[in-house]
Amino acid sequence: MTYLLKNARLLDAEHDHAPLDILIGGETITAVGTHLGSADQIIDLTGYTVLPGFVDSHVHVAVDDQAFKEDAVHAWAYNGVTTVRELGMLSTLSQQDYAQWLQENNRKPDTAHVVATGKYIDVAGGYGAGPMPNHPVGNLITTPEEAADAVSLAHRLGFPGIKIGIHDGSMEQTPHLTPDMAKAICDRAHQLHMWVAAHIGNCKGARFMLDAGVDELAHTPSDPMLEDMICEMVEKGIVMDTTVGDPDKGMEPPPMMDLPEGMEPPEGMGPPPGPMMPMDPAEMKRQQAEKMKVMEENLGRFYRAGGKIVVGTDLIHSRDYRKDAVIPVPELRHLHAAGLPMNAILRAATRSGAEVVGTGATEGRLIPGYLANLVAVPGRVDETFEALRHVALVMHRGTVIRDER
């Protein structure tokens with residue numbers, strides 16, 4: 001089946017609303033330009049902007065002890081996010097079952113392609129272990145040797161990367177990986193040509209993970225980053241995910257009864273342990289805004305120093321994935337507030353995301369030879385990114401899975 005997309009405006013890191021046609025044959029783009037000839041089906045996109053399918057580099061799909069999130073992967077694809085990366089299972093389901101599910105899911109055109117790490121590698125009681133000792137969701141280890149073996153297991157199962165993490169602000173009080181364990185994980189992963197992404201929340205956790213040799217900070221620190229740390233990350237090619245969050249959403253977690261069994265509210269979104277005084281909602285919103293402002297400033301400084309940024313939402317739980325598993329407009333707006341230009345923002349959400357998750361040779365660009373993962377939205381896309389909330393057409397691997405023109 002061949003398609004000819006005519007009269008569209010192309011927008012990505014390399015095209016700025018360029019009036020070009022796209023010829024698609026099978027799963028891939030075969031030509032971009034004008035006067036491209038005929039096709040089995042012509043799709044007239046006059047008045048629409050075409051972008052590459054988006055990449056959400058930080059999500060969670062395995063968050064249920066009975067099944068994987070089929071509704072989520074369908075929603076992401078339908079809404080124009082054609083690839084997502086799972087950074088850490090939060091489920092007691094086995095890594096073997098997950099690896100099998102991934103193979104089956106990634107053959108379907110109407111679901112998002114999922115790249116995954118498998119289970120967190122952590123010690124009992126650590127950030128990635130799970131909140132209840134009798135209900136561990138992580139791959140629990142006790143020695144550096146076991147840590148390295150856990151990496152080898154993930155490699156044998158086909159996972160391209162590893163996720164580790166550390167609690168924010170309580171590294172002395174709560175169990176966590178030792179420096180030797182974290183380094184053993186990074187060393188073995190690099191021997192096997194795997195990457196390591198680390199959950200952190202602040203610069204103290206980032207320092208621990210950078211010393212271990214991780215390749216990526218799965219969050220932007222919420223306290224000001226020292227210039228030396230930024231320069232070190234840029235020099236070493238360490239990637240930083242956005243995950244700043246949606247300022248229009250409240251800070252209260254979903255009711256505990258709605259969370260998957262054994263899963264705690266996302267860190268920072270629920271009440272801290274121990275007695276606490278009720279906080280005024282206005283004060284909570286003010287603190288949230290201050291935290292987001294610092295994260296934006298960190299992202300802007302990191303970008304201007306030459307750092308590589310990818311867009312992630314850290315989406316874990318939703319009552320309605322059709323509304324939440326969408327193009328991450330709030331994260332794009334944070335990058336704009338951080339001072340990034342339009343082409344850099346789109347690169348972070350498409351091409352750079354694909355490169356980091358391992359699909360950069362096949363997606364994230366509107367050029368011949370790349371997969372026909374495409375999104376069409378009405379009108380032009382400006383720095384508000386509001387047009388991206390109105391997806392009209394989605395093509396995934398050359399198959400039209402949404403057409404609401």
# chains A, B, ... in the order shown; residues from 1 in each chain; ligands from 1
call {"tool": "residues_around", "arguments": {"residues": "range 10-12 of chain A", "least_positions_apart": "6", "cutoff": "6 Å", "atoms": "only C-alpha atoms", "output": "JSON list (two decimals) with all heavy atoms, in the first residue's frame"}}
result
[["chain", "number", "residue", "atom", "x", "y", "z"],
["A", 18, "ALA", "N", 7.60, 23.51, 6.32],
["A", 18, "ALA", "CA", 7.95, 23.48, 4.89],
["A", 18, "ALA", "C", 6.82, 22.85, 4.09],
["A", 18, "ALA", "O", 6.32, 21.78, 4.44],
["A", 18, "ALA", "CB", 9.23, 22.67, 4.68],
["A", 49, "THR", "N", -0.46, 20.59, 9.64],
["A", 49, "THR", "CA", 0.97, 20.46, 9.88],
["A", 49, "THR", "C", 1.28, 19.00, 10.20],
["A", 49, "THR", "O", 0.57, 18.38, 11.01],
["A", 49, "THR", "CB", 1.43, 21.35, 11.04],
["A", 49, "THR", "OG1", 1.18, 22.72, 10.70],
["A", 49, "THR", "CG2", 2.91, 21.18, 11.32],
["A", 50, "VAL", "N", 2.32, 18.46, 9.57],
["A", 50, "VAL", "CA", 2.73, 17.07, 9.79],
["A", 50, "VAL", "C", 4.04, 17.05, 10.58],
["A", 50, "VAL", "O", 5.00, 17.75, 10.22],
["A", 50, "VAL", "CB", 2.90, 16.31, 8.47],
["A", 50, "VAL", "CG1", 3.52, 14.93, 8.71],
["A", 50, "VAL", "CG2", 1.55, 16.16, 7.77],
["A", 51, "LEU", "N", 4.07, 16.26, 11.64],
["A", 51, "LEU", "CA", 5.24, 16.11, 12.49],
["A", 51, "LEU", "C", 5.59, 14.63, 12.62],
["A", 51, "LEU", "O", 4.72, 13.76, 12.37],
["A", 51, "LEU", "CB", 5.00, 16.67, 13.89],
["A", 51, "LEU", "CG", 4.50, 18.11, 14.02],
["A", 51, "LEU", "CD1", 2.98, 18.15, 14.14],
["A", 51, "LEU", "CD2", 5.12, 18.78, 15.23],
["A", 346, "LEU", "N", 11.30, 20.37, 19.61],
["A", 346, "LEU", "CA", 10.79, 19.25, 18.81],
["A", 346, "LEU", "C", 11.83, 18.14, 18.71],
["A", 346, "LEU", "O", 11.48, 16.95, 18.71],
["A", 346, "LEU", "CB", 10.39, 19.75, 17.43],
["A", 346, "LEU", "CG", 9.17, 20.68, 17.39],
["A", 346, "LEU", "CD1", 8.96, 21.24, 16.00],
["A", 346, "LEU", "CD2", 7.92, 19.95, 17.88]]
call {"tool": "residues_around", "arguments": {"residues": "range 292-297 of chain A", "least_positions_apart": "5", "cutoff": "8 Å", "atoms": "only C-alpha atoms", "output": "VMD selection string"}}
result
chain A and resid 220 to 224 244 to 245 334 to 335 337 to 338
call {"tool": "write_last_selection", "arguments": {"atoms": "N, CA, C and O atoms", "output": "CSV table (one decimal), in the first residue's frame"}}
result
chain,number,residue,atom,x,y,z
A,220,THR,N,14.8,15.7,35.9
A,220,THR,CA,15.6,16.9,36.1
A,220,THR,C,15.7,17.2,37.6
A,220,THR,O,14.6,17.2,38.3
A,221,PRO,N,16.8,17.5,38.2
A,221,PRO,CA,16.9,17.8,39.6
A,221,PRO,C,16.0,19.0,39.9
A,221,PRO,O,15.9,20.0,39.2
A,222,SER,N,15.4,19.0,41.1
A,222,SER,CA,14.5,20.1,41.5
A,222,SER,C,15.2,21.1,42.4
A,222,SER,O,14.5,22.0,42.9
A,223,ASP,N,16.5,21.0,42.6
A,223,ASP,CA,17.2,22.1,43.3
A,223,ASP,C,18.3,22.5,42.3
A,223,ASP,O,18.7,21.8,41.3
A,224,PRO,N,18.8,23.7,42.4
A,224,PRO,CA,19.7,24.3,41.4
A,224,PRO,C,21.0,23.5,41.2
A,224,PRO,O,21.7,23.1,42.2
A,244,VAL,N,9.1,17.5,34.3
A,244,VAL,CA,8.8,18.6,35.1
A,244,VAL,C,7.4,18.5,35.7
A,244,VAL,O,7.1,18.8,36.8
A,245,GLY,N,6.4,18.0,34.9
A,245,GLY,CA,5.1,17.9,35.3
A,245,GLY,C,4.1,18.9,34.7
A,245,GLY,O,4.5,19.8,34.1
A,334,HIS,N,7.4,23.7,29.2
A,334,HIS,CA,8.5,23.9,30.1
A,334,HIS,C,9.8,24.2,29.4
A,334,HIS,O,10.6,25.1,29.8
A,335,LEU,N,10.0,23.5,28.3
A,335,LEU,CA,11.3,23.7,27.6
A,335,LEU,C,11.3,25.1,26.9
A,335,LEU,O,12.3,25.7,26.8
A,337,ALA,N,9.8,27.7,28.2
A,337,ALA,CA,10.0,28.6,29.3
A,337,ALA,C,11.5,28.6,29.7
A,337,ALA,O,12.0,29.6,30.2
A,338,ALA,N,12.1,27.4,29.4
A,338,ALA,CA,13.6,27.3,29.8
A,338,ALA,C,14.5,28.0,28.7
A,338,ALA,O,15.7,28.1,28.9
call {"tool": "residues_around", "arguments": {"residues": "Gly80 in chain A", "least_positions_apart": "2", "cutoff": "6 Å", "atoms": "only C-alpha atoms", "output": "ChimeraX atom specification"}}
result
/A:53,77-78,82,375,394
call {"tool": "residues_around", "arguments": {"residues": "Leu332 in chain A", "least_positions_apart": "4", "cutoff": "9 Å", "atoms": "only C-alpha atoms", "output": "list of chain:residue names"}}
result
A:Val311, A:Pro328, A:His336, A:Ala337, A:Ile345, A:Leu346, A:Ala348, A:Ala349, A:Glu383, A:Thr384, A:Phe385
call {"tool": "atom_distance", "arguments": {"atom1": "CA of Thr92 in chain A", "atom2": "CA of Pro160 in chain A"}}
result
20.2 Å
call {"tool": "residues_around", "arguments": {"residues": "range 318-325 of chain A", "least_positions_apart": "2", "cutoff": "9 Å", "atoms": "only C-alpha atoms", "output": "number ranges by chain"}}
result
A: 71-79, 81, 254, 258, 315-316, 327-328
call {"tool": "write_last_selection", "arguments": {"atoms": "N, CA and C atoms", "output": "PDB file, in the first residue's frame"}}
result
ATOM      1  N   ASP A  71      -4.576  -0.589  27.529  1.00  0.00           N
ATOM      2  CA  ASP A  71      -5.287   0.644  27.201  1.00  0.00           C
ATOM      3  C   ASP A  71      -4.327   1.816  27.057  1.00  0.00           C
ATOM      4  N   ALA A  72      -3.232   1.794  27.797  1.00  0.00           N
ATOM      5  CA  ALA A  72      -2.255   2.881  27.706  1.00  0.00           C
ATOM      6  C   ALA A  72      -1.522   2.866  26.376  1.00  0.00           C
ATOM      7  N   VAL A  73      -1.045   1.703  25.949  1.00  0.00           N
ATOM      8  CA  VAL A  73      -0.254   1.662  24.713  1.00  0.00           C
ATOM      9  C   VAL A  73      -1.124   1.951  23.491  1.00  0.00           C
ATOM     10  N   HIS A  74      -2.401   1.591  23.545  1.00  0.00           N
ATOM     11  CA  HIS A  74      -3.317   1.969  22.470  1.00  0.00           C
ATOM     12  C   HIS A  74      -3.531   3.483  22.468  1.00  0.00           C
ATOM     13  N   ALA A  75      -3.695   4.075  23.649  1.00  0.00           N
ATOM     14  CA  ALA A  75      -3.952   5.507  23.727  1.00  0.00           C
ATOM     15  C   ALA A  75      -2.759   6.320  23.263  1.00  0.00           C
ATOM     16  N   TRP A  76      -1.564   5.926  23.656  1.00  0.00           N
ATOM     17  CA  TRP A  76      -0.387   6.669  23.210  1.00  0.00           C
ATOM     18  C   TRP A  76      -0.327   6.709  21.683  1.00  0.00           C
ATOM     19  N   ALA A  77      -0.467   5.557  21.055  1.00  0.00           N
ATOM     20  CA  ALA A  77      -0.398   5.528  19.592  1.00  0.00           C
ATOM     21  C   ALA A  77      -1.515   6.367  18.976  1.00  0.00           C
ATOM     22  N   TYR A  78      -2.732   6.195  19.450  1.00  0.00           N
ATOM     23  CA  TYR A  78      -3.885   6.923  18.915  1.00  0.00           C
ATOM     24  C   TYR A  78      -3.695   8.433  19.032  1.00  0.00           C
ATOM     25  N   ASN A  79      -3.012   8.863  20.092  1.00  0.00           N
ATOM     26  CA  ASN A  79      -2.825  10.290  20.344  1.00  0.00           C
ATOM     27  C   ASN A  79      -1.525  10.844  19.771  1.00  0.00           C
ATOM     28  N   VAL A  81       1.750   9.567  20.120  1.00  0.00           N
ATOM     29  CA  VAL A  81       3.006   9.179  20.768  1.00  0.00           C
ATOM     30  C   VAL A  81       3.294   7.743  20.333  1.00  0.00           C
ATOM     31  N   PRO A 254      -3.730   9.709  43.206  1.00  0.00           N
ATOM     32  CA  PRO A 254      -5.005   9.008  43.087  1.00  0.00           C
ATOM     33  C   PRO A 254      -5.327   8.297  44.399  1.00  0.00           C
ATOM     34  N   ASP A 258      -7.246   2.976  44.083  1.00  0.00           N
ATOM     35  CA  ASP A 258      -7.116   2.947  42.634  1.00  0.00           C
ATOM     36  C   ASP A 258      -5.706   2.623  42.169  1.00  0.00           C
ATOM     37  N   LEU A 315       4.504   9.129  33.303  1.00  0.00           N
ATOM     38  CA  LEU A 315       3.108   8.721  33.498  1.00  0.00           C
ATOM     39  C   LEU A 315       3.061   7.311  34.085  1.00  0.00           C
ATOM     40  N   ILE A 316       2.393   7.195  35.214  1.00  0.00           N
ATOM     41  CA  ILE A 316       2.306   5.922  35.923  1.00  0.00           C
ATOM     42  C   ILE A 316       0.873   5.412  35.973  1.00  0.00           C
ATOM     43  N   ILE A 327       0.409  13.554  23.551  1.00  0.00           N
ATOM     44  CA  ILE A 327       1.603  14.346  23.284  1.00  0.00           C
ATOM     45  C   ILE A 327       1.847  15.247  24.496  1.00  0.00           C
ATOM     46  N   PRO A 328       3.049  15.243  25.053  1.00  0.00           N
ATOM     47  CA  PRO A 328       3.288  15.920  26.348  1.00  0.00           C
ATOM     48  C   PRO A 328       3.450  17.434  26.218  1.00  0.00           C
TER      49      PRO A 328
END
call {"tool": "residues_around", "arguments": {"residues": "range 305-309 of chain A", "least_positions_apart": "4", "cutoff": "9 Å", "atoms": "only C-alpha atoms", "output": "list in words"}}
result
Ile230, Cys231, Met233, Val234, Glu235, Gly237, Ile238, Val239, Met240, Asp241, Thr242, Leu299, Gly300, Arg301, Ile345, Arg347, Ala348, Ala349, Ser352 and Gly353 of chain A
call {"tool": "closest_residue", "arguments": {"among": "A:Leu366, A:Met284, A:Leu23, A:Ala112", "to": "His396 in chain A", "atoms": "only C-alpha atoms"}}
result
A:Ala112
call {"tool": "closest_residue", "arguments": {"among": "A:Ala212, A:Ile162, A:Ala147, A:Ile22", "to": "Pro52 in chain A", "atoms": "only C-alpha atoms"}}
result
A:Ile22
call {"tool": "residues_around", "arguments": {"residues": "Ala116 in chain A", "least_positions_apart": "6", "cutoff": "7 Å", "atoms": "only C-alpha atoms", "output": "list in words"}}
result
Arg85, Glu86, Leu87 and Phe159 of chain A
call {"tool": "select_by_dssp", "arguments": {"residues": "range 114-302 of chain A", "states": "alpha helix (DSSP H)", "output": "PyMOL selection string"}}
result
chain A and resi 144-156+179-191+203-212+227-236+281-302
call {"tool": "closest_residue", "arguments": {"among": "A:Ala8, A:Ala129, A:Val123, A:Leu90", "to": "Val377 in chain A", "atoms": "only C-alpha atoms"}}
result
A:Ala8
call {"tool": "closest_residue", "arguments": {"among": "A:Arg351, A:Arg405, A:Lys249, A:His199", "to": "Pro330 in chain A", "atoms": "only C-alpha atoms"}}
result
A:Lys249
call {"tool": "closest_residue", "arguments": {"among": "A:Gly26, A:Thr2, A:Val55, A:His155", "to": "Ala39 in chain A", "atoms": "only C-alpha atoms"}}
result
A:Thr2
call {"tool": "atom_distance", "arguments": {"atom1": "CA of Val196 in chain A", "atom2": "CA of Met229 in chain A"}}
result
18.1 Å
call {"tool": "atom_distance", "arguments": {"atom1": "CA of Leu140 in chain A", "atom2": "CA of Leu102 in chain A"}}
result
22.5 Å
call {"tool": "select_by_dssp", "arguments": {"residues": "range 49-238 of chain A", "states": "strand (DSSP E or B)", "output": "ChimeraX atom specification"}}
result
/A:49-52,54-59,81-86,89,113-116,119,121-122,139-140,161-165,195-199,216-217
call {"tool": "closest_residue", "arguments": {"among": "A:Gly158, A:Val32, A:Phe68, A:Tyr48", "to": "Gln96 in chain A", "atoms": "only C-alpha atoms"}}
result
A:Gly158
